[in-house]
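Have a look at the structure below before the remarks.
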Amino acid sequence: MKALAVALVITFLLAGGATAQRPNTCDVPAYLLFDENELNHVAAAVKEKQQLDIAIIGTGSSTLGGPEGKAYPAQLEAALKARLPTIAVHVTVHAAPRQTAAKMWEDLKKIVSEQKPALLVWQTGTVDAMRGVEPDEFGSVLNTAVENIQAAGTDVLLMNMQYSPRTETMIAVGPYAENMRWVSQQRRVPLFDRLGIMRHWSDTGVFDFYSPTKAFSVAQKVHECIGRALATQIIDAAQLGPMTAKVAQ
Amino acid sequence: MRKVASIPPATGSKRDLRLDLFRGLALWLIFLDHIPTNVVSWVTIRNYGFSDATEIFIFISGYTAAFVYGNAMSERGFLVSGARILRRAWQIYVAHVFLFAIYLAEIAYVASSFENPLYAEEMGVLDFLKQPDVTIVQALLLKFKPVNMDVLPLYIVLLLLFPPILWLLLRRPTLALSASVALYAASWEFGWNLQAYPSGTWLFNPFAWQLLFVFGAWCAMGGAERLSAVLRSRITLAVAIAYLVFAFLITMTWHFPVLGQFVPEWLGSLIYPIDKTNLDVLRFAHFLALGVVIVWFIPRDWSGLHWPIFRPAIWCGQHSLEIFCLGVFLAFAAHFIMGEISAGVPMQIAVSFAGVAIMIGAAGLLSWYKSMEGRNPGSRVKPTDADLAGGEA
């Protein structure tokens, strides 16, 4: 009985190791990337003014230490410029660590009224989960904020937290992710499900997020993949691409 | 002191094995749900309806607490049984502090060994390690509660409040239940909850969750008999099944967001968000519906309850405090193994099954100890299996 159990565990370990050695392509299945929600102001800005101003507000995970221009906002800009060569794409980043959604909403009022971007990408959830803000309160702040930003004529795209398996027993992100999905459905804004997408990459062996590596190269690759996937989602939700391009990447 | 007129029907009768069985199953499900990223947790009920194993655990704990301490209170008075309830709360507190020590060890290890720049922000959650004095004191005050360690503090608070509730339940059960419902409603109306550290509130609001505990106690004090006409009605069963199907369909839209378009907007804004912290009415109703169906199909005297296949779960349910704590520890250990060796699906399956097997083994061992002590002629044989049941609330 014991020998059987040991053999079973060893088999599992070998099988687990095998799945971890897949090629490093970070495709995202369509069901994780596309929803029914549209980005109409983005579509209008691109068609009428040939320009696309995007503001990104977020916390620490919207930035990356090391050389400049490697975090996902810069990667998003590069990907959009490559795929929309005739459009003037401009991405600005307002990222500050340790900001809850409620705090960001205070800053957002100014950003939206002064900059008037066509699209606001709002990355949030992690800090509220770490602080233990009541999930309901988080959801209702987000809901109100998104409603106001929409009323000001800016599209919103929500981005949830990173998949971080090492801290899963320390940060309960689930209720916050559920609230973000709820707000996305309620306000009909696209949700970039970073949590689900990164978990998919982990499950399929694209990235090993348990790795304690101090190297920036892996983190940069992850941000590059996020930036590309985000560009794909924006192009789809604003219906800017060829109508057949319902495939990620 | 006035003798209580109506002794609860459960008194003196044989132990209801269904309670142990389902509490044991709930403990397994809680363990599986506590392992992050676990493919096996797809079997747990939270994926198929609004409520989860926590509801089952708290309800049955209230039921058994009333069953055991209710006997003690009607036989030996308020003071003795009240003191026993508080002793139990103390035991659970010690267990909680023990688990916290293990938790600290795990995260201190992660803090010192994990430096992936991708997670610079997430590692901020370990900042409290820089102030261990404050953190430990806050943990001792039950204000700082790590993820997955919220059930025991809830349970401690429920037991601390239980002596007067039980006193009232023995005399005016309906009044006690009404008071519980009123407190539940007031906590929703006025937003009552206990404060947590460093910020926020308790994940399980005791003012709301007490409803399940008191309802369980009320059922044990004869409430179940009073409800029996309702429980035997086919209409009740039909309503319960219809609600379970409804909840199942709604939960499917969470797993497959593409189905979300079939949920009408008015319905979505009516039911969402389904609040776990404050024991949403939809969750409570889902638990009730589950209870109705289970009681309908598994009668108390069903011979199958003695089948060997159910024995492991019954053992676990009979030693719920030990097995619950073991489960929390095993979930930490499983997560640690996944981080150090492999987090693949095969490993998730392996640690899940190994964990449940260890829980069963430990519960079997505890049962064996118990039976040894019972047979020892020198030992004091208890009049009822009080500690087995209520102690294990």
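Letters A, B, ... go to the chains of the structure tokens in the order shown; residues in each chain start at 1; ligands are counted from 1 in the same order.
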
Excluding Val28 of chain A and its own-chain neighbours fewer than 2 positions away, which residues fall within 7 Å of it when counting only C-alpha atoms? Please give them as a CSV table (one decimal) with C-alpha atoms, in the first residue's frame.
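See selection12.csv below for the written result:
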```csv
chain,number,residue,atom,x,y,z
A,26,CYS,CA,1.9,33.0,-24.7
A,30,ALA,CA,-10.4,33.5,-27.0
A,32,LEU,CA,-10.3,34.3,-21.7
A,33,LEU,CA,-9.8,37.4,-23.8
A,197,ILE,CA,-4.8,34.5,-18.3
A,248,ALA,CA,-5.8,36.0,-30.0
```

- Item | Contact set, chain B to chain A: 8 Å, only C-alpha atoms, as a VMD selection string | chain B and resid 36 to 37 110 113 to 123 125 146 to 148 198 to 201 258 265 269 272 to 273 275 332 335 339 341 to 347 350

- Query: Hey, what's within 10 Å of Val189 of chain A if we count only C-alpha atoms and toss same-chain stuff fewer than 6 positions away? As a PyMOL selection string, please?
  - Reply: chain A and resi 35-39+146-147+150+155-158+181+183+237

Segment 308-323 of chain B environment, 6 Å, only C-alpha atoms, sequence neighbours closer than 5 positions dropped, as a CSV table (one decimal) with N, CA and C atoms, in the first residue's frame:
```csv
chain,number,residue,atom,x,y,z
B,20,ASP,N,-22.5,13.9,12.0
B,20,ASP,CA,-21.0,13.6,11.9
B,20,ASP,C,-20.6,13.4,10.5
B,21,LEU,N,-21.5,12.6,9.8
B,21,LEU,CA,-21.1,12.3,8.4
B,21,LEU,C,-20.9,13.6,7.6
B,23,ARG,N,-20.6,16.7,8.7
B,23,ARG,CA,-19.5,17.6,9.2
B,23,ARG,C,-18.2,17.1,8.7
B,24,GLY,N,-18.0,15.8,8.7
B,24,GLY,CA,-16.8,15.2,8.2
B,24,GLY,C,-16.6,15.5,6.7
B,25,LEU,N,-17.7,15.4,5.9
B,25,LEU,CA,-17.6,15.7,4.5
B,25,LEU,C,-17.2,17.2,4.3
B,360,ILE,N,-8.2,11.3,7.6
B,360,ILE,CA,-9.0,10.1,8.0
B,360,ILE,C,-8.1,9.3,9.0
B,363,ALA,N,-8.2,10.9,12.3
B,363,ALA,CA,-9.5,10.8,13.0
B,363,ALA,C,-9.7,9.4,13.5
B,392,GLU,N,-16.9,18.6,20.5
B,392,GLU,CA,-16.5,18.7,19.1
B,392,GLU,C,-17.4,19.6,18.3
```

- Query: Hey, can you check how far atom CA of Tyr369 of chain B sits from atom CA of Ala334 of chain B?
  - Reply: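 Result for atom CA of Tyr369 of chain B versus atom CA of Ala334 of chain B: 27.1 Å, one decimal.
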
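Atom CA of Arg84 of chain B is found 17.9 Å from atom CA of Val214 of chain B.
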
- Task: Find, counting only C-alpha atoms, the residue in B:Pro264, B:Gly216, B:Gly82, B:Pro164 that gets nearest to Thr64 of chain B.
- Result: B:Gly216

Give me the residues near segment 222-236 of chain B as a JSON list (two decimals) with C-alpha atoms, in the first residue's frame, where near means some atom within 12 Å (using only C-alpha atoms) and where sequence neighbours in that chain fewer than 3 positions away do not count.
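Printed below is around10.json as written:
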```json
[["chain", "number", "residue", "atom", "x", "y", "z"],
["B", 6, "SER", "CA", -39.90, 20.30, 27.30],
["B", 7, "ILE", "CA", -36.71, 18.36, 27.07],
["B", 8, "PRO", "CA", -35.45, 18.48, 23.51],
["B", 9, "PRO", "CA", -36.43, 15.37, 21.55],
["B", 10, "ALA", "CA", -32.82, 14.75, 20.67],
["B", 11, "THR", "CA", -31.95, 14.27, 24.33],
["B", 63, "TYR", "CA", -26.66, 21.83, 16.42],
["B", 66, "ALA", "CA", -26.93, 22.82, 21.72],
["B", 67, "PHE", "CA", -27.39, 19.06, 21.81],
["B", 70, "GLY", "CA", -28.30, 21.89, 26.33],
["B", 169, "LEU", "CA", -33.33, 28.48, 23.72],
["B", 170, "LEU", "CA", -34.20, 26.11, 26.55],
["B", 171, "ARG", "CA", -37.05, 28.34, 27.72],
["B", 172, "ARG", "CA", -38.32, 30.31, 24.75],
["B", 173, "PRO", "CA", -36.82, 28.74, 21.62],
["B", 174, "THR", "CA", -38.91, 30.84, 19.26],
["B", 176, "ALA", "CA", -34.23, 33.04, 20.84],
["B", 177, "LEU", "CA", -34.47, 32.36, 17.13],
["B", 214, "VAL", "CA", -28.39, 29.63, 16.43],
["B", 215, "PHE", "CA", -30.63, 28.07, 13.80],
["B", 216, "GLY", "CA", -28.67, 24.84, 14.15],
["B", 217, "ALA", "CA", -29.03, 25.03, 17.93],
["B", 218, "TRP", "CA", -32.74, 25.78, 17.60],
["B", 219, "CYS", "CA", -33.19, 22.70, 15.39],
["B", 239, "VAL", "CA", -39.30, 24.39, -3.99],
["B", 240, "ALA", "CA", -35.94, 23.34, -2.55],
["B", 241, "ILE", "CA", -35.00, 21.39, -5.67],
["B", 242, "ALA", "CA", -36.11, 24.24, -7.92],
["B", 243, "TYR", "CA", -33.94, 26.66, -5.95],
["B", 288, "LEU", "CA", -31.70, 25.42, 3.75],
["B", 289, "ALA", "CA", -32.61, 23.91, 0.38],
["B", 290, "LEU", "CA", -29.67, 21.50, 0.61],
["B", 291, "GLY", "CA", -30.76, 20.58, 4.10],
["B", 292, "VAL", "CA", -34.34, 19.89, 3.00],
["B", 293, "VAL", "CA", -33.18, 17.59, 0.21],
["B", 294, "ILE", "CA", -30.68, 15.75, 2.43],
["B", 295, "VAL", "CA", -33.20, 15.23, 5.24],
["B", 296, "TRP", "CA", -35.74, 13.98, 2.70],
["B", 297, "PHE", "CA", -33.52, 11.39, 1.10],
["B", 299, "PRO", "CA", -33.62, 9.69, 7.09],
["B", 300, "ARG", "CA", -32.10, 9.70, 10.54]]
```

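Atom CA of Gly58 of chain A to atom CA of Ala78 of chain A spans 18.9 Å [interatomic distance, one decimal].
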
- Write out as a PyMOL selection string all residues of segment 86-267 of chain B that backbone DSSP assigns to helix (DSSP H, G or I). chain B and resi 86-113+117-119+122-130+132-140+151-160+162-171+173-190+206-226+228-232+234-255+257-262+265-267
